[in-house]
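For reference, the structure is listed below as structure tokens.
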Amino acid sequence: MVNTAEELGHWLRLSLTPGVGPETARRLLAAWGQPEQVFAQSELALCQVVSPSQAQALLQPPEGWLALTEASWRWLQAQDDRSVGRALVTLGDSDYPSALLQIPDPPLMLYALGQTSALQGLRVDQAVAMVGSRNPTPQGQINAREFGRSLAASGLTMVSGMALGIDGAAHEGALLGAAQAQLATIAVVGTGLDRVYPRQHRDLAHRIAQCGLILSEYALGTPPLAPHFPRRNRLISGLSQATLVVEAALQSGSLITAKQALEQGREVMAIPGSIHSAQSKGCHWLIKQGAQLVESAQDVMEALSLPMPLFAPEAVPVTAGESTPALAHTPSEDELLSAIGHDPVSLDALQARCSWPTAQLQAQLLELELMGQVARLPGGLFQRLDKA
């Protein structure tokens with residue numbers, strides 16, 4: 001870990017130098033070991049490794065470098081909550097997560113907030129990533145939370161990106177299922193750690209820091225810029241032995257994460273959904289391409305050849321339900337749920353299945369909605385919610 005302001009300054013200067021990206025920085029470090037040694041070289045020596053323009057840039061302190069160094073050092077030294085640590089690990093540190101050394105583009109610097117003592121012991125075989133839509137269906141939200149809870153209860157650390165939707169539900173589930181001393185979850189974010197994005201997850205971020213880690217490769221003050229989020233996805237998959245896609249459209253960042261996982265030699269898994277849902281198209285495409293189809297946390301454990309938990313968690317129902325024949329009598333709640341199936345259904349279609357008067361059907365649907373068993377979707381559709 002970075003232990004002095006001077007050391008911090010050297011690393012920040014290297015990362016901020018115009019025209020010197022991560023790949024070039026790694027070549028410089030391979031040649032001279034530490035950033036301070038890089039800056040001690042002559043222009044002629046630097047030109048043996050980088051271009052003349054890059055060598056000249058390295059000899060000039062970048063704009064804003066000193067101010068960022070001071071702000072970052074103050075952040076590292078702050079102790080607002082003694083149960084939440086702050087750290088900055090650099091490439092080559094003993095505390096640098098070994099899993100990230102296995103990916104093609106490991107970050108030069110990694111900012112950490114939370115249970116920082118766990119950094120050195122992070123193991124790829126003890127973590128599973130979960131990603132998916134920022135606008136999931138109600139069932140997708142439940143699936144993410146319940147898979148996160150069950151997998152954390154089985155001793156795994158859940159890794160995700162703290163975005164709205166599936167990411168947030170995965171973190172929430174892990175916090176519910178993890179044991180007291182366990183590293184419950186890791187959130188890899190696309191901003192500096194001095195801000196929370198999205199703002200709605202401020203409380204979630206605080207709870208993750210208490211029982212897990214929040215990681216970022218971006219300097220303090222970095223805003224939520226669009227290119228940062230696809231880039232940070234390689235760290236989500238890189239920290240994990242498998243990436244589980246819960247819901248994803250065909251054009252989504254979740255499929256980028258799955259692609260990066262494959263390139264890193266990690267497993268990819270997907271949960272199937274309704275054939276009528278756009279949020280399931282990406283998962284179905286992944287399954288066609290060879291991703292492991294999973295219906296329960298137990299499936300994940302078996303696919304990864306991990307020891308099963310002492311309890312056997314029930315499978316989360318995720319497959320598309322078949323149409324239920326029209327019922328000839330007034331259905332009970334269970335029969336109505338069966339008639340709804342697992343696909344979104346309109347009131348007219350449901351009435352055709354049940355042969356029930358509209359007013360009675362609406363009243364029954366409202367009761368199920370209040371009980372959390374049915375969700376009302378845009379477009380006048382209804383969907384059954386199954387809980388593990």
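How things are named: the first chain in the structure tokens is A, the next is B, and so on; residues count from 1 in each chain; ligands count from 1 in the order shown.
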Which residues of range 165-235 of chain A come within 7 Å of range 241-257 of chain A, and what is each one's closest atom pair and distance in Å (one decimal), counting only C-alpha atoms, sorted by chain and residue number, as CSV?
```
residue,atom,partner,partner_atom,distance
A:Pro230,CA,A:Gly253,CA,6.2
A:Asn233,CA,A:Thr257,CA,5.4
A:Arg234,CA,A:Thr257,CA,6.4
```
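The shortest atom-to-atom distance to Leu68 in chain A, with only C-alpha atoms taken into account, belongs to A:Ala219 out of A:Leu156, A:Ala219, A:Ala40, A:Ala270.
Proximity to Trp65 in chain A was assessed for A:Ser216, A:Gln77, A:Thr17, A:Gln373 counting only C-alpha atoms; the smallest distance is recorded for A:Thr17.
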Practice item. Considering only C-alpha atoms, return as number ranges by chain whatever protein or nucleic-acid residues lie within 12 Å of range 91-106 of chain A, sequence-local ones (same chain, fewer than 4 positions apart) excluded. Key: A: 1-3, 11, 15, 21-26, 29-30, 33-35, 87, 110-112, 116-127, 215-217, 231-241, 260-266
For this session: Would you mind writing down, as a count of residues only, each residue of range 8-187 of chain A that DSSP on the backbone assigns to alpha helix (DSSP H)?
Result: 77
Contacts of range 274-280 of chain A within 12 Å, only C-alpha atoms, excl. fewer than 5 positions in-chain, as a short mmCIF file (atom, residue, chain, number, x, y, z; two decimals) with N, CA and C atoms, in the first residue's frame:
```cif
data_model
loop_
_atom_site.label_atom_id
_atom_site.label_comp_id
_atom_site.auth_asym_id
_atom_site.auth_seq_id
_atom_site.Cartn_x
_atom_site.Cartn_y
_atom_site.Cartn_z
N GLY A 132 -26.10 -7.26 -14.78
CA GLY A 132 -27.38 -7.29 -15.47
C GLY A 132 -27.94 -5.90 -15.69
N SER A 133 -29.17 -5.85 -16.08
CA SER A 133 -29.82 -4.63 -16.50
C SER A 133 -29.96 -3.60 -15.38
N ARG A 134 -29.86 -2.33 -15.75
CA ARG A 134 -30.18 -1.25 -14.82
C ARG A 134 -31.68 -1.07 -14.67
N ASN A 135 -32.45 -1.65 -15.59
CA ASN A 135 -33.91 -1.56 -15.55
C ASN A 135 -34.50 -2.97 -15.62
N PRO A 136 -34.29 -3.76 -14.58
CA PRO A 136 -34.73 -5.16 -14.63
C PRO A 136 -36.23 -5.29 -14.43
N THR A 137 -36.75 -6.45 -14.78
CA THR A 137 -38.12 -6.78 -14.44
C THR A 137 -38.19 -7.04 -12.93
N PRO A 138 -39.36 -6.98 -12.35
CA PRO A 138 -39.47 -7.31 -10.92
C PRO A 138 -38.91 -8.69 -10.59
N GLN A 139 -39.14 -9.68 -11.48
CA GLN A 139 -38.62 -11.01 -11.23
C GLN A 139 -37.10 -11.02 -11.31
N GLY A 140 -36.54 -10.27 -12.25
CA GLY A 140 -35.09 -10.18 -12.35
C GLY A 140 -34.46 -9.62 -11.10
N GLN A 141 -35.12 -8.61 -10.54
CA GLN A 141 -34.63 -8.01 -9.30
C GLN A 141 -34.62 -9.03 -8.17
N GLY A 165 -30.51 -1.35 -10.38
CA GLY A 165 -31.03 -2.58 -10.94
C GLY A 165 -30.36 -3.83 -10.40
N ILE A 166 -29.90 -4.69 -11.30
CA ILE A 166 -29.35 -6.00 -10.93
C ILE A 166 -28.14 -5.86 -10.02
N VAL A 245 -24.84 -13.58 -15.52
CA VAL A 245 -25.68 -12.53 -16.11
C VAL A 245 -27.13 -12.84 -15.77
N VAL A 246 -27.80 -11.92 -15.09
CA VAL A 246 -29.16 -12.17 -14.63
C VAL A 246 -30.18 -11.73 -15.66
N GLU A 247 -30.12 -10.50 -16.10
CA GLU A 247 -30.96 -9.99 -17.18
C GLU A 247 -30.13 -9.03 -18.00
N ALA A 248 -30.26 -9.10 -19.32
CA ALA A 248 -29.49 -8.20 -20.18
C ALA A 248 -30.13 -8.13 -21.56
N ALA A 249 -30.22 -6.93 -22.09
CA ALA A 249 -30.65 -6.76 -23.47
C ALA A 249 -29.50 -7.16 -24.39
N LEU A 250 -29.79 -7.28 -25.67
CA LEU A 250 -28.76 -7.71 -26.62
C LEU A 250 -27.63 -6.70 -26.74
N GLN A 251 -27.95 -5.42 -26.59
CA GLN A 251 -26.92 -4.39 -26.61
C GLN A 251 -26.80 -3.84 -25.19
N SER A 252 -25.89 -4.40 -24.41
CA SER A 252 -25.79 -3.97 -23.01
C SER A 252 -24.37 -4.14 -22.51
N SER A 254 -23.59 -5.55 -19.83
CA SER A 254 -23.46 -6.87 -19.21
C SER A 254 -22.84 -7.86 -20.18
N LEU A 255 -23.17 -7.75 -21.46
CA LEU A 255 -22.58 -8.65 -22.44
C LEU A 255 -21.11 -8.32 -22.67
N TRP A 285 -29.06 -15.29 -25.69
CA TRP A 285 -27.98 -15.30 -26.67
C TRP A 285 -26.71 -15.90 -26.08
N LEU A 286 -26.40 -15.54 -24.84
CA LEU A 286 -25.22 -16.09 -24.18
C LEU A 286 -25.33 -17.61 -24.04
N ILE A 287 -26.51 -18.08 -23.68
CA ILE A 287 -26.72 -19.53 -23.51
C ILE A 287 -26.53 -20.24 -24.85
N PRO A 317 -37.37 -19.82 -9.35
CA PRO A 317 -38.04 -20.11 -10.61
C PRO A 317 -37.78 -18.98 -11.60
N VAL A 318 -37.19 -19.30 -12.73
CA VAL A 318 -36.86 -18.26 -13.69
C VAL A 318 -37.29 -18.60 -15.11
N THR A 319 -37.75 -19.81 -15.34
CA THR A 319 -38.09 -20.18 -16.71
C THR A 319 -39.45 -19.64 -17.09
N ALA A 320 -39.61 -19.46 -18.40
CA ALA A 320 -40.88 -18.93 -18.89
C ALA A 320 -41.98 -19.95 -18.68
N GLY A 321 -43.10 -19.50 -18.13
CA GLY A 321 -44.20 -20.42 -17.86
C GLY A 321 -45.04 -20.66 -19.09
N GLU A 322 -45.64 -21.81 -19.17
CA GLU A 322 -46.52 -22.12 -20.28
C GLU A 322 -47.90 -21.56 -20.01
N GLY A 341 -48.68 -17.47 -14.86
CA GLY A 341 -47.44 -18.04 -15.36
C GLY A 341 -46.27 -17.14 -15.01
N HIS A 342 -45.18 -17.24 -15.77
CA HIS A 342 -44.00 -16.44 -15.48
C HIS A 342 -43.71 -15.39 -16.55
N ASP A 343 -44.55 -15.33 -17.57
CA ASP A 343 -44.43 -14.30 -18.59
C ASP A 343 -45.34 -13.14 -18.24
N PRO A 344 -44.97 -11.91 -18.61
CA PRO A 344 -45.90 -10.79 -18.46
C PRO A 344 -47.19 -11.08 -19.24
N VAL A 345 -48.31 -10.74 -18.66
CA VAL A 345 -49.59 -11.05 -19.28
C VAL A 345 -50.54 -9.86 -19.12
N LEU A 377 -46.70 -4.03 -14.52
CA LEU A 377 -45.67 -3.55 -15.43
C LEU A 377 -46.23 -2.48 -16.36
N LEU A 381 -49.50 -4.62 -18.19
CA LEU A 381 -49.19 -6.03 -18.03
C LEU A 381 -48.98 -6.38 -16.56
N GLN A 383 -47.08 -9.40 -13.90
CA GLN A 383 -46.09 -10.48 -13.85
C GLN A 383 -46.05 -11.07 -12.45
N ARG A 384 -46.00 -12.38 -12.43
CA ARG A 384 -45.88 -13.09 -11.16
C ARG A 384 -44.47 -12.95 -10.61
#
```
Let's see if you can do this: from backbone DSSP, list all strand (DSSP E) residues in range 3-164 of chain A, as a ChimeraX atom specification. /A:85-90,109-114,127-131,157-160
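Restricting the calculation to only C-alpha atoms, the smallest distance between Gly212 in chain A and any of A:Pro307, A:Gly282, A:Gly85, A:Gly9 is found for A:Gly85.
If you look at CA of Arg145 in chain A and CA of Glu172 in chain A, they are 6.3 Å away from each other.
The space separating CA of Lys288 in chain A from CA of Gly161 in chain A comes to 25.3 Å.
Using only C-alpha atoms, the shortest contact distance between Leu176 in chain A and any of A:Gln115, A:Gln351, A:Ser150, A:Ser305 is found at A:Ser150.
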Among A:Gln48, A:Ser346, A:Ala129, A:Gln360, Pro378 in chain A is approached most closely, using only C-alpha atoms, by A:Ser346
In Å and to one decimal, CA of Glu146 in chain A is distant from CA of Gln289 in chain A by 25.5 Å
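Distances to Asn143 in chain A were evaluated for A:Met130, A:Leu88, A:Ala67, A:Ala339 using only C-alpha atoms, and the minimum falls at A:Met130.
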- Item | Residue contacts of Val294 in chain A (8 Å, only C-alpha atoms) excluding same-chain residues fewer than 4 positions away, as an MDAnalysis selection string | chainID A and resid 269:272 299:300
Deliver the residues from the most recent selection as a file, using N, CA and C atoms, as a tab-separated table (two decimals), in the first residue's frame.
```
chain	number	residue	atom	x	y	z
A	269	MET	N	-22.06	-17.56	-16.98
A	269	MET	CA	-23.33	-18.23	-16.72
A	269	MET	C	-24.46	-17.23	-16.97
A	270	ALA	N	-25.64	-17.75	-17.25
A	270	ALA	CA	-26.79	-16.87	-17.50
A	270	ALA	C	-28.07	-17.51	-17.01
A	271	ILE	N	-28.96	-16.66	-16.53
A	271	ILE	CA	-30.27	-17.11	-16.07
A	271	ILE	C	-31.28	-16.87	-17.19
A	272	PRO	N	-31.99	-17.90	-17.62
A	272	PRO	CA	-32.99	-17.70	-18.67
A	272	PRO	C	-34.19	-16.94	-18.14
A	299	ASP	N	-27.02	-24.62	-8.80
A	299	ASP	CA	-26.46	-24.85	-10.14
A	299	ASP	C	-25.10	-24.18	-10.28
A	300	VAL	N	-24.99	-22.96	-9.74
A	300	VAL	CA	-23.73	-22.22	-9.81
A	300	VAL	C	-22.64	-22.98	-9.06
```
Margin query: Env of Arg202 in chain A: 12 Å cut, atoms = only C-alpha atoms, seq-sep filter 5 positions within chain, self excluded. Answer as a PyMOL selection string.
Written below: chain A and resi 162-164+168+193-197+207-209
Generate a file of the selected residues that holds N, CA and C atoms, formatted as a PDB file, in the first residue's frame.
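Generated file (again_28.pdb):
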```pdb
ATOM      1  N   MET A 162     -22.346  -1.852  -8.470  1.00  0.00           N
ATOM      2  CA  MET A 162     -23.117  -0.898  -7.664  1.00  0.00           C
ATOM      3  C   MET A 162     -24.015   0.006  -8.505  1.00  0.00           C
ATOM      4  N   ALA A 163     -24.342  -0.414  -9.721  1.00  0.00           N
ATOM      5  CA  ALA A 163     -25.284   0.344 -10.538  1.00  0.00           C
ATOM      6  C   ALA A 163     -26.706   0.069 -10.055  1.00  0.00           C
ATOM      7  N   LEU A 164     -27.650   0.833 -10.572  1.00  0.00           N
ATOM      8  CA  LEU A 164     -29.050   0.566 -10.287  1.00  0.00           C
ATOM      9  C   LEU A 164     -29.442  -0.785 -10.866  1.00  0.00           C
ATOM     10  N   GLY A 168     -27.288  -3.516  -7.832  1.00  0.00           N
ATOM     11  CA  GLY A 168     -27.693  -3.171  -6.468  1.00  0.00           C
ATOM     12  C   GLY A 168     -28.359  -4.328  -5.759  1.00  0.00           C
ATOM     13  N   LEU A 193     -13.491   7.500  -5.500  1.00  0.00           N
ATOM     14  CA  LEU A 193     -14.153   6.995  -4.294  1.00  0.00           C
ATOM     15  C   LEU A 193     -14.605   8.100  -3.352  1.00  0.00           C
ATOM     16  N   ASP A 194     -14.385   9.348  -3.709  1.00  0.00           N
ATOM     17  CA  ASP A 194     -14.892  10.446  -2.885  1.00  0.00           C
ATOM     18  C   ASP A 194     -16.306  10.832  -3.270  1.00  0.00           C
ATOM     19  N   ARG A 195     -16.912  10.079  -4.158  1.00  0.00           N
ATOM     20  CA  ARG A 195     -18.307  10.324  -4.524  1.00  0.00           C
ATOM     21  C   ARG A 195     -19.023   8.998  -4.721  1.00  0.00           C
ATOM     22  N   VAL A 196     -20.348   9.030  -4.581  1.00  0.00           N
ATOM     23  CA  VAL A 196     -21.167   7.827  -4.762  1.00  0.00           C
ATOM     24  C   VAL A 196     -22.031   8.019  -5.995  1.00  0.00           C
ATOM     25  N   TYR A 197     -21.976   7.059  -6.890  1.00  0.00           N
ATOM     26  CA  TYR A 197     -22.823   7.093  -8.087  1.00  0.00           C
ATOM     27  C   TYR A 197     -23.395   5.697  -8.308  1.00  0.00           C
ATOM     28  N   ARG A 207     -23.092   0.568   3.596  1.00  0.00           N
ATOM     29  CA  ARG A 207     -23.193  -0.795   4.127  1.00  0.00           C
ATOM     30  C   ARG A 207     -22.173  -1.731   3.478  1.00  0.00           C
ATOM     31  N   ILE A 208     -21.887  -1.513   2.191  1.00  0.00           N
ATOM     32  CA  ILE A 208     -20.856  -2.322   1.539  1.00  0.00           C
ATOM     33  C   ILE A 208     -19.501  -2.070   2.192  1.00  0.00           C
ATOM     34  N   ALA A 209     -19.209  -0.804   2.494  1.00  0.00           N
ATOM     35  CA  ALA A 209     -17.924  -0.475   3.127  1.00  0.00           C
ATOM     36  C   ALA A 209     -17.792  -1.122   4.501  1.00  0.00           C
TER      37      ALA A 209
END
```
